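Encoded as C-alpha cells, the structure appears first; notes follow it.
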Amino acid sequence: MRRQLLISTSTDLVRIAPEKIVYISSDGNYSTLVQTDGEMRMLSYQLGQIERMIASQLGIEGSIFIRIGKSLIINRSYIYYINVPKQKLILSDVESFNHTVSASKEALKQLKELIEKEGK
Amino acid sequence: MKEINENPNKKKNEIDEIRDDEIRVISDNSSKMRFSKALGIHKSMSDIHCDYDIDCELYNDCKQDCEEPKPSEGMPTPPQDAGPNMPKSKPPHDEFGDKPTPPSRGCFWIFIIIAAALVFAIVKFCSNDKIDHLISDGEEQVEATEPIEEEMPKEIENPQWIGTQVDSLTQGYTEFRDTIINDIPLRLYIPHNATPELHVGKLNKNDTTIVYISQAADVRADNGGIVGAFVLKGKPLAWGLSKKGYCAAIGDKITIGVADNSPMFEEATTKEGYFFRQYPLVKNGRIVENEPKGKSVRRGLCDRQGEIFIVESLTRESFHDFSQALVDLGVDQAIYLVGSTGYGWAVDKENQTHEIGEEVFTDRRRMHKNTNYILWRRK
C-alpha cells in the first residue's frame with residue numbers, strides 16, 4: 001500500500017492518501033483539508049505543523065505538495081489554471097471538482113515557472 | 001523558491017518561515033541530500049526541486065553540512081569516485097559511504113583517561129551519599145521523603161457548590177446570588193436544569209425555554225465577523241485564534257479552558273456541539289492578565305469545582321480586578337463574556353425575566369448579524 005498521511009489529535013485521527021488531498025488552507029491556528037470528493041475537514045493544526053507531517057511521513061512522495069505563501073499547501077497534480085495578474089489558481093481534475101484559490105502574484109509567478117520547467 | 005526539509009535540528013520558526021510571495025516544494029531529508037549532491041557531486045541525479053532556483057540560505061545550509069563532518073558521530077568517508085567539483089580540503093558526506101573515519105590514537109587515550117576520571121568521581125560521590133544517609137537522623141529522612149504539597153494535583157473530594165442543589169424534576173431557572181469580593185459587588189447567575197448552547201443572530205424574546213442568555217464571542221466592528229473560532233451546532237462559522245480562552249458546550253457539558261489549540265473545537269464539530277473563544281480570565285485558579293486596561297461592567301463564564309455559572313460585576317472594573325475577584329471567589333477556570341451593555345436576560349425561580357445590559361436592536365443602532373449569545377435552555 002502506498003504511503004498515507006496520518007493526522008492525529010488526542011481525540012481523532014485522519015488517514016488519507018496524498019492524491020486524495022486537493023489543498024490545505026490555513027485559518028489562524030487551524031487548517032482546512034479539502035479532499036477530491038469535495039469533503040472539507042477541519043484540523044486543529046497550524047499549516048506549518050501539517051507541512052512538517054507531510055515532510056516526515058511521506059518523504060520524497062511529499063514533493064507532490066507545494067507550500068504557497070503562509071496560508072496554502074496545494075497538490076501539484078491538480079494545478080489546472082494559473083493567472084498571475086488576477087492572482088487566481090484553479091485546482092481541478094477537470095472532471096469532478098474545481099477549486100479556485102488565491103495567492104500572491106510573485107508566488108504564482110514562481111509556481112508557473114516551476115510547472116513550465118517540469119513540463120519541459 | 002525554497003524547498004522545505006524536515007530536519008529536527010532546525011528550529012520550528014526556521015521551518016515555518018515563509019513569506020506570502022514564496023513557494024516551496026515539501027520533501028524530507030533524503031531530498032536534502034539529493035539537493036546537496038546536485039550542488040556539484042552527483043549532478044546527474046535530476047530533481048526538479050533541487051535544480052530549480054537554488055536558494056542561497058539553503059545552499060549555505062547544505063554547504064555547512066558538507067563541511068563539518070563529525071568523526072565521533074560515525075560520519076561516512078567521502079566516496080573514492082567523487083567528482084571534480086568536490087572541495088578537496090574537507091570532503092562532503094556520502095550517505096552511501098563505507099567506513100567511518102577512525103579516531104586518532106592520541107584521542108583514544110585522552111578518552112580513556114577522562115572516562116576513568118569520570119567513573120572514579122561517580123563512585124566517590126555515591127559512597128559519600130551513602131555515608132550521609134547512614135549518619136543522618138530519622139527526622140531528616142522523613143523530611144526528604146515528604147511529598148511537596150504544591151506539586152500534588154488538587155483533588156476535590158466533596159465540592160462545595162455555591163448554588164442550591166435542585167432535583168431533576170424542578171423546572172429550569174437561573175439562581176441569583178449577590179456577593180462582594182475585594183469591595184467589588186458581584187452577581188452570580190447559576191443556571192439549573194438547563195442545557196447550554198450558542199445562538200447567532202436576532203433573539204426571540206418570547207422563547208420561554210431560555211433561562212439565561214448573554215452575549216458570548218466578540219464581533220469585529222469593521223466586517224462584522226466573529227472574533228476567534230466559533231462552532232454553532234457542529235458547524236464552524238469562524239476560525240483563528242485571537243483570544244486564548246475557550247468554551248465548548250457539548251451535550252450538557254461545558255468545558256472552559258485556556259489553550260492555543262483545543263481538540264474541543266474538533267469535538268464540537270463532530271458532535272454537533274458549540275465552541276467559542278474569549279479572553280481568558282482565570283486558568284487553574286490563577287489570574288490571567290489581559291491587554292485591555294479600561295474599566296467596564298465585566299461578565300465572566302466560570303467553572304468552580306465543576307459548577308458552571310456566570311459572574312457579573314455590578315460596578316465598572318478593570319480586567320485585572322475582576323479576574324482577581326474571580327480567583328478570590330475560588331473559580332478554577334474563567335473566560336470573559338461580552339461585558340458593558342452586552343444584552344441578555346435571566347429567568348428566576350418565579351419565572352420573572354430580568355434583563356441584562358442594553359438591547360442594541362433598536363432603530364438607532366442595528367445589531368451585527370453575527371452577534372452571538374450563550375444561553376441555557378430548560379431541559
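Residues in the C-alpha cells are named by chain (A, B, ... in the order shown) and by number from 1 within that chain; ligands are numbered from 1 in the order shown.
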
Residues of chain B within 6 Å of chain A, counting only C-alpha atoms, as an mmCIF file with N, CA and C atoms, in the first residue's frame:
data_model
loop_
_atom_site.group_PDB
_atom_site.id
_atom_site.type_symbol
_atom_site.label_atom_id
_atom_site.label_comp_id
_atom_site.auth_asym_id
_atom_site.auth_seq_id
_atom_site.Cartn_x
_atom_site.Cartn_y
_atom_site.Cartn_z
ATOM 1 N N GLU B 6 12.422 18.439 6.327
ATOM 2 C CA GLU B 6 12.128 18.104 7.719
ATOM 3 C C GLU B 6 13.417 17.776 8.421
ATOM 4 N N ASP B 16 9.053 27.158 9.633
ATOM 5 C CA ASP B 16 7.771 27.793 9.338
ATOM 6 C C ASP B 16 7.912 29.056 8.513
ATOM 7 N N ARG B 19 7.317 33.600 3.302
ATOM 8 C CA ARG B 19 6.578 34.824 3.012
ATOM 9 C C ARG B 19 5.429 34.493 2.082
ATOM 10 N N ASP B 20 4.516 35.435 1.967
ATOM 11 C CA ASP B 20 3.364 35.209 1.101
ATOM 12 C C ASP B 20 3.750 35.143 -0.368
ATOM 13 N N ASP B 21 4.905 35.710 -0.698
ATOM 14 C CA ASP B 21 5.298 35.699 -2.106
ATOM 15 C C ASP B 21 6.310 34.594 -2.409
ATOM 16 N N GLU B 22 6.360 33.581 -1.530
ATOM 17 C CA GLU B 22 7.285 32.466 -1.746
ATOM 18 C C GLU B 22 6.525 31.170 -1.945
ATOM 19 N N ILE B 23 7.169 30.243 -2.639
ATOM 20 C CA ILE B 23 6.631 28.881 -2.681
ATOM 21 C C ILE B 23 7.772 27.923 -2.382
ATOM 22 N N ARG B 24 7.425 26.714 -1.942
ATOM 23 C CA ARG B 24 8.460 25.710 -1.745
ATOM 24 C C ARG B 24 7.856 24.319 -1.846
ATOM 25 N N VAL B 25 8.658 23.419 -2.368
ATOM 26 C CA VAL B 25 8.220 22.035 -2.509
ATOM 27 C C VAL B 25 8.495 21.316 -1.200
ATOM 28 N N ILE B 26 7.551 20.490 -0.773
ATOM 29 C CA ILE B 26 7.704 19.815 0.515
ATOM 30 C C ILE B 26 8.347 18.450 0.284
ATOM 31 N N SER B 27 9.433 18.195 0.977
ATOM 32 C CA SER B 27 10.027 16.857 0.934
ATOM 33 C C SER B 27 10.858 16.648 2.177
ATOM 34 N N ASP B 28 11.486 15.485 2.310
ATOM 35 C CA ASP B 28 12.165 15.142 3.564
ATOM 36 C C ASP B 28 13.681 15.259 3.438
ATOM 37 N N TRP B 239 -12.867 30.810 12.346
ATOM 38 C CA TRP B 239 -11.663 30.095 12.747
ATOM 39 C C TRP B 239 -10.683 31.095 13.324
ATOM 40 N N GLY B 240 -9.540 30.620 13.645
ATOM 41 C CA GLY B 240 -8.497 31.541 14.074
ATOM 42 C C GLY B 240 -8.427 31.678 15.578
ATOM 43 N N LEU B 241 -7.316 32.265 15.980
ATOM 44 C CA LEU B 241 -7.057 32.414 17.411
ATOM 45 C C LEU B 241 -6.707 33.852 17.690
#

Note to self: DSSP on the backbone: which residues in chain A end up as alpha helix (DSSP H)? Give the answer as a PyMOL selection string.
What the structure shows: chain A and resi 47-58+105-119

Item checked: Interatomic distance, CA of Leu91 in chain A to CA of Gly119 in chain A (Å, one decimal) ->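 Computing the Euclidean distance for CA of Leu91 in chain A and CA of Gly119 in chain A yields 17.2 Å.
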
Checklist line | Interatomic distance (Å, one decimal) between CA of Asp348 in chain B and CA of Thr179 in chain B | finding: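 Computed distance, CA of Asp348 in chain B to CA of Thr179 in chain B, equals 17.3 Å.
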
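The interatomic distance for the pair CA of Asn83 in chain A and CA of Glu116 in chain A works out to 13.6 Å.
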
I'd like the neighbourhood of range 224-229 of chain B as a PDB file with N, CA and C atoms, in the first residue's frame, where a residue qualifies if any of its atoms comes within 9 Å (using only C-alpha atoms), though same-chain residues fewer than 3 positions away should be ignored.
ATOM      1  N   GLY A  28      -5.647  30.861  10.778  1.00  0.00           N
ATOM      2  CA  GLY A  28      -5.132  31.028  12.147  1.00  0.00           C
ATOM      3  C   GLY A  28      -4.428  29.771  12.610  1.00  0.00           C
ATOM      4  N   TYR A  30      -5.798  26.919  12.896  1.00  0.00           N
ATOM      5  CA  TYR A  30      -6.452  25.733  12.351  1.00  0.00           C
ATOM      6  C   TYR A  30      -6.189  25.643  10.858  1.00  0.00           C
TER       7      TYR A  30
ATOM      8  N   ALA B 217     -19.137  35.588  22.159  1.00  0.00           N
ATOM      9  CA  ALA B 217     -17.888  35.989  21.493  1.00  0.00           C
ATOM     10  C   ALA B 217     -18.014  37.416  20.968  1.00  0.00           C
ATOM     11  N   ASP B 218     -16.897  38.072  20.842  1.00  0.00           N
ATOM     12  CA  ASP B 218     -16.884  39.431  20.294  1.00  0.00           C
ATOM     13  C   ASP B 218     -17.107  39.399  18.782  1.00  0.00           C
ATOM     14  N   VAL B 219     -17.606  40.497  18.281  1.00  0.00           N
ATOM     15  CA  VAL B 219     -17.835  40.642  16.841  1.00  0.00           C
ATOM     16  C   VAL B 219     -17.007  41.821  16.361  1.00  0.00           C
ATOM     17  N   ARG B 220     -16.351  41.643  15.235  1.00  0.00           N
ATOM     18  CA  ARG B 220     -15.498  42.714  14.713  1.00  0.00           C
ATOM     19  C   ARG B 220     -16.344  43.882  14.229  1.00  0.00           C
ATOM     20  N   ALA B 221     -15.879  45.060  14.588  1.00  0.00           N
ATOM     21  CA  ALA B 221     -16.642  46.252  14.201  1.00  0.00           C
ATOM     22  C   ALA B 221     -16.512  46.535  12.708  1.00  0.00           C
ATOM     23  N   PRO B 236     -18.712  24.979  11.868  1.00  0.00           N
ATOM     24  CA  PRO B 236     -17.766  26.064  12.155  1.00  0.00           C
ATOM     25  C   PRO B 236     -18.135  27.336  11.393  1.00  0.00           C
ATOM     26  N   LEU B 237     -18.252  28.424  12.110  1.00  0.00           N
ATOM     27  CA  LEU B 237     -18.593  29.702  11.475  1.00  0.00           C
ATOM     28  C   LEU B 237     -17.394  30.636  11.419  1.00  0.00           C
ATOM     29  N   ALA B 238     -16.433  30.407  12.281  1.00  0.00           N
ATOM     30  CA  ALA B 238     -15.231  31.241  12.295  1.00  0.00           C
ATOM     31  C   ALA B 238     -14.065  30.414  12.794  1.00  0.00           C
ATOM     32  N   TRP B 239     -12.867  30.810  12.346  1.00  0.00           N
ATOM     33  CA  TRP B 239     -11.663  30.095  12.747  1.00  0.00           C
ATOM     34  C   TRP B 239     -10.683  31.095  13.324  1.00  0.00           C
ATOM     35  N   GLY B 240      -9.540  30.620  13.645  1.00  0.00           N
ATOM     36  CA  GLY B 240      -8.497  31.541  14.074  1.00  0.00           C
ATOM     37  C   GLY B 240      -8.427  31.678  15.578  1.00  0.00           C
ATOM     38  N   LEU B 241      -7.316  32.265  15.980  1.00  0.00           N
ATOM     39  CA  LEU B 241      -7.057  32.414  17.411  1.00  0.00           C
ATOM     40  C   LEU B 241      -6.707  33.852  17.690  1.00  0.00           C
ATOM     41  N   SER B 242      -7.620  34.558  18.269  1.00  0.00           N
ATOM     42  CA  SER B 242      -7.262  35.909  18.673  1.00  0.00           C
ATOM     43  C   SER B 242      -7.262  35.982  20.189  1.00  0.00           C
ATOM     44  N   LYS B 243      -8.032  35.093  20.801  1.00  0.00           N
ATOM     45  CA  LYS B 243      -8.099  35.043  22.260  1.00  0.00           C
ATOM     46  C   LYS B 243      -7.931  33.595  22.691  1.00  0.00           C
ATOM     47  N   LYS B 244      -7.195  33.395  23.746  1.00  0.00           N
ATOM     48  CA  LYS B 244      -6.823  32.028  24.098  1.00  0.00           C
ATOM     49  C   LYS B 244      -7.849  31.309  24.973  1.00  0.00           C
ATOM     50  N   TYR B 246     -11.338  29.597  25.854  1.00  0.00           N
ATOM     51  CA  TYR B 246     -12.355  28.945  25.037  1.00  0.00           C
ATOM     52  C   TYR B 246     -13.435  28.323  25.912  1.00  0.00           C
ATOM     53  N   PHE B 265     -12.532  21.962  19.844  1.00  0.00           N
ATOM     54  CA  PHE B 265     -13.050  22.590  18.622  1.00  0.00           C
ATOM     55  C   PHE B 265     -13.502  21.500  17.655  1.00  0.00           C
ATOM     56  N   PHE B 275     -18.785  25.986  20.301  1.00  0.00           N
ATOM     57  CA  PHE B 275     -17.436  26.375  20.711  1.00  0.00           C
ATOM     58  C   PHE B 275     -17.248  27.858  20.405  1.00  0.00           C
ATOM     59  N   PHE B 276     -16.673  28.580  21.347  1.00  0.00           N
ATOM     60  CA  PHE B 276     -16.296  29.966  21.048  1.00  0.00           C
ATOM     61  C   PHE B 276     -15.074  30.362  21.872  1.00  0.00           C
ATOM     62  N   ARG B 277     -14.496  31.474  21.460  1.00  0.00           N
ATOM     63  CA  ARG B 277     -13.298  31.957  22.153  1.00  0.00           C
ATOM     64  C   ARG B 277     -13.523  33.343  22.742  1.00  0.00           C
ATOM     65  N   GLN B 278     -12.857  33.573  23.864  1.00  0.00           N
ATOM     66  CA  GLN B 278     -12.918  34.874  24.524  1.00  0.00           C
ATOM     67  C   GLN B 278     -11.627  35.077  25.324  1.00  0.00           C
ATOM     68  N   HIS B 368     -25.117  43.600  14.710  1.00  0.00           N
ATOM     69  CA  HIS B 368     -24.426  42.825  13.688  1.00  0.00           C
ATOM     70  C   HIS B 368     -25.145  41.499  13.509  1.00  0.00           C
ATOM     71  N   LYS B 369     -25.130  41.005  12.271  1.00  0.00           N
ATOM     72  CA  LYS B 369     -25.817  39.731  12.028  1.00  0.00           C
ATOM     73  C   LYS B 369     -25.136  38.581  12.764  1.00  0.00           C
ATOM     74  N   ASN B 370     -23.841  38.764  13.097  1.00  0.00           N
ATOM     75  CA  ASN B 370     -23.119  37.699  13.806  1.00  0.00           C
ATOM     76  C   ASN B 370     -23.109  37.883  15.321  1.00  0.00           C
ATOM     77  N   THR B 371     -23.903  38.808  15.811  1.00  0.00           N
ATOM     78  CA  THR B 371     -23.994  38.946  17.273  1.00  0.00           C
ATOM     79  C   THR B 371     -24.437  37.594  17.834  1.00  0.00           C
ATOM     80  N   ASN B 372     -23.685  37.122  18.795  1.00  0.00           N
ATOM     81  CA  ASN B 372     -23.923  35.745  19.254  1.00  0.00           C
ATOM     82  C   ASN B 372     -24.080  35.687  20.764  1.00  0.00           C
TER      83      ASN B 372
END

Next item on the list: Give me the residues within 10 Å of Leu329 in chain B as a VMD selection string, counting only C-alpha atoms and dropping any in the same chain fewer than 2 places off.
Entry: chain B and resid 162 179 to 182 285 304 323 to 327 331 to 332

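With only C-alpha atoms as the atoms that count, the minimum distance from Glu39 in chain A to the choices A:Lys112, A:Asn75, A:Phe97, A:Glu19 is reached by A:Phe97.
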
Do you know which residues are at most 7 Å from Val101 in chain A counting only C-alpha atoms, after dropping those on the same chain fewer than 5 positions away, and could you put them as a JSON list (two decimals) with C-alpha atoms, in the first residue's frame?
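What ended up in part.json:
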[["chain", "number", "residue", "atom", "x", "y", "z"],
["A", 88, "LYS", "CA", -6.02, 33.12, -9.49],
["A", 89, "LEU", "CA", -5.15, 29.45, -9.16],
["A", 90, "ILE", "CA", -7.62, 26.74, -10.12]]

Notebook entry, point to check: Can you list, as a ChimeraX atom specification, every residue of chain A that DSSP puts in strand (DSSP E)?
Noted result: /A:5-8,13-16,21-27,30-35,40-43,65-68,72-75,79-83,88-92,98-102

Checklist line | Nearby residues (only C-alpha atoms) at most 10 Å from Ser318 in chain B, same-chain spacing under 4 positions excluded, as a list in words | finding: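 Neighbouring residues, sequence-local ones excluded: Asn290, Pro292, Lys293, Gly294, Lys295, Ser296, Val297, Arg298, Phe322, Ser323 and Gln324 of chain B.
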